[in-house]
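Enquirer: One structure follows; several queries about it will come next.
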2 protein chains.
Amino acid sequence: MSDLRKDPVLGRWVIIAEERAKRPSDFKMEPRPEPQGKSKLCPFCEGNEHLTPPEIIAFRKKESKKNEKGWWLRVIPNKYPALAIEGDIGKKGMGIYDKMNGIGAHEVIVETNEHKSSLTQLADLNIRDVVWAYRDRLVDLRRDNRFVYGLVFKNVGQAAGASMEHTHSQLIVTPTIPSIPMREMNGCSEFYKFRGRCLYCDMIEQEIDQGSRLVMETADFIAFTPFASRFPFETWVLPKGHKSHFEDVDNNEVDGLAFILKSVLKRLEDTLCNPPYNYMIHTSPFDLGFLSYYHWHIEIIPRLTNVAGFEWGSGFYINPVLPENAAAHLRGEFQQ
Amino acid sequence: MSDLRKDPVLGRWVIIAEERAKRPSDFKMEPRPEPQGKSKLCPFCEGNEHLTPPEIIAFRKKESKKNEKGWWLRVIPNKYPALAIEGDIGKKGMGIYDKMNGIGAHEVIVETNEHKSSLTQLADLNIRDVVWAYRDRLVDLRRDNRFVYGLVFKNVGQAAGASMEHTHSQLIVTPTIPSIPMREMNGCSEFYKFRGRCLYCDMIEQEIDQGSRLVMETADFIAFTPFASRFPFETWVLPKGHKSHFEDVDNNEVDGLAFILKSVLKRLEDTLCNPPYNYMIHTSPFDLGFLSYYHWHIEIIPRLTNVAGFEWGSGFYINPVLPENAAAHLRGEFQQ
């Protein structure tokens with residue numbers, strides 16, 4: 001089992017995966033797997049179910065059998081999980097350091113049975129099912145008292161860390177609150193103490209009023225390029241109403257989210273010629289009830305620029321594109 | 001001039017560089033410059049001084065002239081600076097957002113007049129001069145009241161964000177304290193409140209006692225792989241005595257630092273076959289006097305793994321190499 005170790009200064013956690021046999025020669029330069037194309041060997045394609053660990057859930061035809069054909073969405077354990085589902089938390093001090101066992105969940109949401117490389121190639125109905133799968137897995141995993149936080153994320157393209165081409169998302173559930181959501185909650189909680197309002201709600205209001213960073217607005221959702229975008233064309237998607245937990249989405253919201261997510265991703269793909277990107281659902285910890293100060297949202301970051309020493313040392317980012325210009329491009333105002 | 005913009009939730013700053021003319025097609029996929037080899041066109045080689053902005057300082061032969069041959073170390077403004085040296089800070093609120101003008105300094109330390117690709121290829125005397133140059137520039141820039149923090153860093157290899165092969169470092173001085181040193185100081189200050197000791201001093205003591213993560217120890221410095229290493233073979237170098245500001249180094253310390261830095265980098269290069277890497281000097285803000293709770297240090301991060309959605313969303317890192325194993329390799333205990 002891997003170790004979870006905490007940096008004593010920053011409170012940042014690291015998963016130290018137990019591959020003790022690894023030799024330095026294995027790290028000469030990461031041999032990224034090549035995209036496998038429409039190969040029969042893609043373990044995420046229908047008919048290749050035997051190439052993956054047994055499914056956790058699947059949306060499949062009534063008459064079909066588990067781990068066989070007949071599905072259109074499948075959730076499986078990650079074959080190389082960062083965290084193990086079995087075991088206890090084993091919190092332990094080591095002098096000034098803290099560690100715990102690397103327990104948690106690491107799942108893969110295979111978004112379609114066909115070898116497609118982008119979520120935007122799916123029918124609306126199927127994207128809704130992807131959102132439902134995110135929600136269902138979080139609702140199931142939050143019942144386990146050992147787990148406190150669930151992060152749904154997506155890596156697209158090798159530069160964004162994807163090793164599989166077949167469109168998929170991932171879910172990692174951790175036994176401790178990760179530092180980024182923790183810091184976001186702290187920031188929002190400070191603001192709430194002063195103003196009695198949710199900072200994200202204020203942001204949404206200002207973005208709608210001002211309009212220059214707005215990418216899209218629907219009845220229930222908004223997409224904009226954040227004022228302090230770290231990356232060119234960084235785009236956030238938020239529910240307009242105040243909601244702290246993603247997994248509390250209702251039927252209407254699932255439809256609305258599927259629609260705006262597909263639209264925004266399509267605009268990014270069209271504007272930037274299918275860039276590598278990540279998206280992450282930022283939500284509240286499982287064991288906290290409704291929070292009036294935190295607001296779940298999705299951060300989409302195209303991976304066009306490199307993060308170098310300055311960013312790693314300072315936490316400052318250098319973004320060569322004005323967020324207002326990026327938004328105008330994504331709204332289609334600079335068509336060539 | 002670029003904008004400095006603050007993320008209202010995390011307090012993280014972003015430099016939005018004003019390249020308004022940039023079209024999305026420029027961002028299709030970062031066209032990284034190829035390493036230029038021992039070309040006559042390398043602007044960092046002796047004889048090509050006319051290809052760079054005029055030098056700020058240089059260590060050169062007495063009879064030589066500014067911006068001509070005869071130097072062995074040269075500090076020049078970055079040709080594409082992230083921040084501009086002229087201007088006032090212009091702090092401004094925009095509704096819930098904060099911004100200021102992108103003023104600061106962005107300099108390049110050209111470490112040798114010859115086309116060498118690594119600091120480790122330099123003679124000890126020349127590495128000492130590199131450390132002196134870091135110190136001299138910080139001491140000079142801290143006199144400007146508009147500037148509060150100076151970060152010295154190094155990018156080596158394309159995967160680490162380097163665009164020039166000729167060995168060099170960079171220095172960026174900012175008009176606001178960046179979020180990472182701020183969070184480090186906050187973490188250390190909390191610890192100091194409880195224990196009355198510097199957290200890094202405690203760490204050094206524990207690392208020496210325990211020894212398993214120790215890479216090197218000299219009279220004045222220590223190098224170890226941190227307990228919660230984010231990256232395979234991440235290595236930190238710290239002065240053993242408590243010092244809060246890097247630029248207060250004395251003659252002895254410069255010699256000692258040059259020695260340990262060269263040795264540790266050489267071990268990383270030998271063990272990992274010249275990996276891409278970054279190093280960053282973490283130090284205290286200019287305008288704070290001696291801090292009993294913060295300890296300057298250098299973080300070296302080989303860039304062998306990719307940062308993907310999980311890391312960006314959580315602040316958690318997945319490190320496939322045990323820091324204890326990495327240290328043993330760097331001590332030469334697993335020679336093949």
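In the structure tokens, each chain is lettered A, B, ... as it comes, each chain's residues begin at 1, and ligands are numbered from 1 in order of appearance.
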Starting from chain A, keep only residues with some atom at most 7 Å from an atom of chain B, counting only C-alpha atoms, and report them as a VMD selection string.

Expert: chain A and resid 5 to 7 9 to 10 12 to 20 24 to 25 27 to 30 153 to 155 160 to 161 178 to 181 183 to 184 187 to 188 228 230 271 to 273 275 278 to 280 282 304 to 310 313 to 322

Enquirer: In region 234-326 of chain A, what's alpha helix (DSSP H) per DSSP? Answer as a ChimeraX atom specification?

Expert: /A:251-272,309-314,323-326

Enquirer: May I have the residues from that selection written out with C-alpha atoms, as a tab-separated table (two decimals), in the first residue's frame?

Expert:
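Result file result.tsv:
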```
chain	number	residue	atom	x	y	z
A	251	ASN	CA	-32.20	16.06	-12.70
A	252	ASN	CA	-32.53	19.54	-14.18
A	253	GLU	CA	-29.01	20.50	-13.21
A	254	VAL	CA	-27.57	17.34	-14.72
A	255	ASP	CA	-29.17	18.26	-18.04
A	256	GLY	CA	-28.00	21.86	-17.77
A	257	LEU	CA	-24.46	20.90	-16.82
A	258	ALA	CA	-24.17	18.34	-19.62
A	259	PHE	CA	-25.26	21.02	-22.08
A	260	ILE	CA	-22.89	23.80	-20.93
A	261	LEU	CA	-19.95	21.44	-20.45
A	262	LYS	CA	-20.28	20.07	-23.98
A	263	SER	CA	-20.69	23.57	-25.43
A	264	VAL	CA	-17.71	25.04	-23.61
A	265	LEU	CA	-15.43	22.10	-24.40
A	266	LYS	CA	-16.51	22.26	-28.05
A	267	ARG	CA	-15.63	25.95	-28.19
A	268	LEU	CA	-12.23	25.29	-26.64
A	269	GLU	CA	-11.60	22.47	-29.11
A	270	ASP	CA	-12.65	24.58	-32.08
A	271	THR	CA	-10.78	27.70	-30.99
A	272	LEU	CA	-7.57	25.94	-29.99
A	309	GLY	CA	10.78	27.35	-12.00
A	310	PHE	CA	9.10	30.69	-11.44
A	311	GLU	CA	5.66	29.13	-11.05
A	312	TRP	CA	6.93	26.26	-8.88
A	313	GLY	CA	8.83	28.63	-6.63
A	314	SER	CA	6.33	31.43	-6.29
A	323	PRO	CA	-8.85	36.50	-20.02
A	324	GLU	CA	-11.12	39.10	-21.68
A	325	ASN	CA	-9.59	38.26	-25.06
A	326	ALA	CA	-9.86	34.54	-24.45
```

Enquirer: Identify, on the basis of only C-alpha atoms, every residue whose closest approach to Val130 (chain B) does not exceed 8 Å; exclude the query and any residue fewer than 6 positions from it along the same chain; express the result as an mmCIF file with N, CA and C atoms, in the first residue's frame.

Expert:
```
data_model
loop_
_atom_site.group_PDB
_atom_site.id
_atom_site.type_symbol
_atom_site.label_atom_id
_atom_site.label_comp_id
_atom_site.auth_asym_id
_atom_site.auth_seq_id
_atom_site.Cartn_x
_atom_site.Cartn_y
_atom_site.Cartn_z
ATOM 1 N N LEU B 73 30.832 36.080 -16.385
ATOM 2 C CA LEU B 73 29.442 35.969 -15.913
ATOM 3 C C LEU B 73 28.760 37.286 -16.240
ATOM 4 N N ILE B 109 20.786 35.436 -15.482
ATOM 5 C CA ILE B 109 22.176 35.305 -15.068
ATOM 6 C C ILE B 109 22.839 34.299 -16.023
ATOM 7 N N GLU B 111 25.707 32.158 -16.858
ATOM 8 C CA GLU B 111 26.652 31.658 -15.863
ATOM 9 C C GLU B 111 28.070 31.476 -16.377
#
```

Enquirer: Run DSSP on the backbone of this structure and report the residues of region 99-211 of chain B it assigns to strand (DSSP E), as an NGL selection string.

Expert: :B and (99-101 or 105-110 or 149-156 or 168-174)

Enquirer: Mind writing the picked residues with N, CA and C atoms as an mmCIF file, in the first residue's frame?

Expert:
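What landed in part39.cif:
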```cif
data_model
loop_
_atom_site.group_PDB
_atom_site.id
_atom_site.type_symbol
_atom_site.label_atom_id
_atom_site.label_comp_id
_atom_site.auth_asym_id
_atom_site.auth_seq_id
_atom_site.Cartn_x
_atom_site.Cartn_y
_atom_site.Cartn_z
ATOM 1 N N LYS B 99 -6.146 44.234 -8.563
ATOM 2 C CA LYS B 99 -5.056 44.145 -9.524
ATOM 3 C C LYS B 99 -4.008 45.207 -9.231
ATOM 4 N N MET B 100 -2.853 45.055 -9.826
ATOM 5 C CA MET B 100 -1.829 46.099 -9.754
ATOM 6 C C MET B 100 -1.026 46.029 -11.053
ATOM 7 N N ASN B 101 -0.209 47.032 -11.256
ATOM 8 C CA ASN B 101 0.602 47.037 -12.468
ATOM 9 C C ASN B 101 1.687 45.967 -12.403
ATOM 10 N N ALA B 105 11.235 43.071 -11.689
ATOM 11 C CA ALA B 105 12.443 42.876 -12.482
ATOM 12 C C ALA B 105 12.454 41.441 -12.976
ATOM 13 N N HIS B 106 13.009 41.247 -14.146
ATOM 14 C CA HIS B 106 13.141 39.903 -14.713
ATOM 15 C C HIS B 106 14.501 39.834 -15.405
ATOM 16 N N GLU B 107 15.448 39.203 -14.736
ATOM 17 C CA GLU B 107 16.825 39.211 -15.216
ATOM 18 C C GLU B 107 17.313 37.793 -15.501
ATOM 19 N N VAL B 108 18.335 37.714 -16.330
ATOM 20 C CA VAL B 108 18.937 36.429 -16.671
ATOM 21 C C VAL B 108 20.386 36.454 -16.212
ATOM 22 N N ILE B 109 20.786 35.436 -15.482
ATOM 23 C CA ILE B 109 22.176 35.305 -15.068
ATOM 24 C C ILE B 109 22.839 34.299 -16.023
ATOM 25 N N VAL B 110 23.656 34.796 -16.928
ATOM 26 C CA VAL B 110 24.385 33.924 -17.855
ATOM 27 C C VAL B 110 25.625 33.465 -17.104
ATOM 28 N N TYR B 149 9.769 41.027 -3.056
ATOM 29 C CA TYR B 149 10.234 39.641 -3.028
ATOM 30 C C TYR B 149 11.080 39.337 -4.254
ATOM 31 N N GLY B 150 12.141 38.562 -4.066
ATOM 32 C CA GLY B 150 12.998 38.173 -5.178
ATOM 33 C C GLY B 150 13.134 36.665 -5.242
ATOM 34 N N LEU B 151 12.820 36.097 -6.401
ATOM 35 C CA LEU B 151 12.922 34.650 -6.577
ATOM 36 C C LEU B 151 13.985 34.333 -7.624
ATOM 37 N N VAL B 152 15.011 33.603 -7.194
ATOM 38 C CA VAL B 152 16.031 33.109 -8.119
ATOM 39 C C VAL B 152 15.643 31.690 -8.504
ATOM 40 N N PHE B 153 15.672 31.401 -9.787
ATOM 41 C CA PHE B 153 15.297 30.046 -10.208
ATOM 42 C C PHE B 153 16.061 29.659 -11.460
ATOM 43 N N LYS B 154 15.963 28.377 -11.772
ATOM 44 C CA LYS B 154 16.704 27.822 -12.905
ATOM 45 C C LYS B 154 15.820 26.810 -13.605
ATOM 46 N N ASN B 155 15.718 26.916 -14.911
ATOM 47 C CA ASN B 155 14.999 25.936 -15.723
ATOM 48 C C ASN B 155 16.026 25.232 -16.606
ATOM 49 N N VAL B 156 16.083 23.920 -16.524
ATOM 50 C CA VAL B 156 17.031 23.165 -17.354
ATOM 51 C C VAL B 156 16.268 22.137 -18.183
ATOM 52 N N HIS B 168 22.134 28.999 -17.591
ATOM 53 C CA HIS B 168 21.735 30.310 -17.061
ATOM 54 C C HIS B 168 20.714 30.129 -15.944
ATOM 55 N N SER B 169 20.549 31.166 -15.149
ATOM 56 C CA SER B 169 19.495 31.195 -14.135
ATOM 57 C C SER B 169 18.669 32.441 -14.387
ATOM 58 N N GLN B 170 17.586 32.591 -13.648
ATOM 59 C CA GLN B 170 16.761 33.784 -13.792
ATOM 60 C C GLN B 170 16.416 34.323 -12.413
ATOM 61 N N LEU B 171 16.023 35.572 -12.414
ATOM 62 C CA LEU B 171 15.618 36.238 -11.184
ATOM 63 C C LEU B 171 14.382 37.053 -11.515
ATOM 64 N N ILE B 172 13.319 36.829 -10.763
ATOM 65 C CA ILE B 172 12.131 37.676 -10.923
ATOM 66 C C ILE B 172 11.845 38.322 -9.581
ATOM 67 N N VAL B 173 11.696 39.631 -9.609
ATOM 68 C CA VAL B 173 11.400 40.382 -8.394
ATOM 69 C C VAL B 173 9.981 40.921 -8.537
ATOM 70 N N THR B 174 9.171 40.728 -7.494
ATOM 71 C CA THR B 174 7.746 41.066 -7.584
ATOM 72 C C THR B 174 7.361 42.151 -6.576
#
```

Enquirer: Work out how far apart CA of Asn113 (chain A) and CA of Ala84 (chain A) are and give it in Å to one decimal.

Expert: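 A separation of 26.3 Å between them.
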
Enquirer: Just want the 10 Å neighbourhood of Phe147 (chain A), counted on only C-alpha atoms, with same-chain residues fewer than 3 positions away dropped. Output as a PyMOL selection string.

Expert: chain A and resi 85+89+103-105+141-144+150+173-177+285-287

Enquirer: May I have the selected residues written with N, CA and C atoms, as a compact mmCIF listing (two decimals), in the first residue's frame?

Expert:
```
# COMPACT_ATOMS: atom_id res chain seq x y z
N ILE A 85 -8.42 0.59 -1.96
CA ILE A 85 -9.74 0.68 -1.36
C ILE A 85 -9.81 -0.03 0.00
N ILE A 89 -6.93 3.60 8.10
CA ILE A 89 -6.25 4.84 7.80
C ILE A 89 -4.84 4.92 8.42
N ILE A 103 -5.05 4.83 1.63
CA ILE A 103 -6.34 4.23 1.28
C ILE A 103 -7.20 5.27 0.57
N GLY A 104 -8.14 4.79 -0.20
CA GLY A 104 -9.02 5.66 -0.95
C GLY A 104 -9.57 4.89 -2.13
N ALA A 105 -10.09 5.61 -3.10
CA ALA A 105 -10.60 4.95 -4.29
C ALA A 105 -10.02 5.65 -5.50
N LEU A 141 -19.53 6.48 -2.57
CA LEU A 141 -18.26 6.46 -1.83
C LEU A 141 -18.32 7.29 -0.56
N ARG A 142 -19.16 8.31 -0.52
CA ARG A 142 -19.23 9.15 0.68
C ARG A 142 -19.83 8.39 1.86
N ARG A 143 -20.46 7.26 1.58
CA ARG A 143 -21.01 6.45 2.67
C ARG A 143 -19.90 5.79 3.49
N ASP A 144 -18.72 5.70 2.92
CA ASP A 144 -17.60 5.07 3.62
C ASP A 144 -16.95 6.10 4.55
N GLY A 150 -13.87 13.66 -2.52
CA GLY A 150 -13.89 13.01 -3.82
C GLY A 150 -13.61 14.02 -4.92
N VAL A 173 -10.79 9.34 -4.50
CA VAL A 173 -11.38 9.67 -3.21
C VAL A 173 -10.27 9.52 -2.16
N THR A 174 -10.13 10.53 -1.31
CA THR A 174 -9.01 10.56 -0.37
C THR A 174 -9.49 10.53 1.08
N PRO A 175 -8.63 10.06 1.98
CA PRO A 175 -9.00 9.98 3.40
C PRO A 175 -8.68 11.28 4.14
N THR A 176 -8.27 12.32 3.43
CA THR A 176 -7.97 13.61 4.06
C THR A 176 -8.36 14.69 3.05
N ILE A 177 -8.66 15.88 3.53
CA ILE A 177 -9.07 16.93 2.60
C ILE A 177 -7.83 17.47 1.90
N PRO A 285 -16.10 18.82 1.01
CA PRO A 285 -15.83 17.50 1.60
C PRO A 285 -17.13 16.76 1.95
N PHE A 286 -17.05 15.44 1.90
CA PHE A 286 -18.20 14.59 2.17
C PHE A 286 -18.83 14.88 3.52
N ASP A 287 -17.97 15.02 4.54
CA ASP A 287 -18.50 14.99 5.90
C ASP A 287 -18.94 16.36 6.41
```

Enquirer: Would you list the contacts of Gly241 (chain A) as a compact mmCIF listing (two decimals) with C-alpha atoms, in the first residue's frame, taking every protein, DNA or RNA residue within 10 Å and counting only C-alpha atoms, but skipping same-chain residues closer than 6 positions in sequence?

Expert:
```
# COMPACT_ATOMS: atom_id res chain seq x y z
CA CYS A 201 -21.88 34.00 -5.86
CA ILE A 204 -20.95 35.19 -10.74
CA ALA A 219 -30.73 29.27 -17.10
CA ASP A 220 -28.79 27.48 -14.36
CA PHE A 221 -25.10 27.69 -15.28
CA HIS A 295 -19.71 26.86 -4.17
```

Enquirer: Just want the 10 Å neighbourhood of region 43-49 of chain B, counted on only C-alpha atoms, with same-chain residues fewer than 4 positions away dropped. Output as a list in words.

Expert: Lys38, Ser39, Pro53, Pro54, Glu55, Lys66, Asn67, Glu68, Lys69, Gly70, Trp71, Trp72, Leu73, Arg74, Ile76, Val108, Ile109, Val110, Glu111, Thr112, Asn113, Glu114, His115, Lys116, Met164, Glu165, His166, Thr167 and His168 of chain B
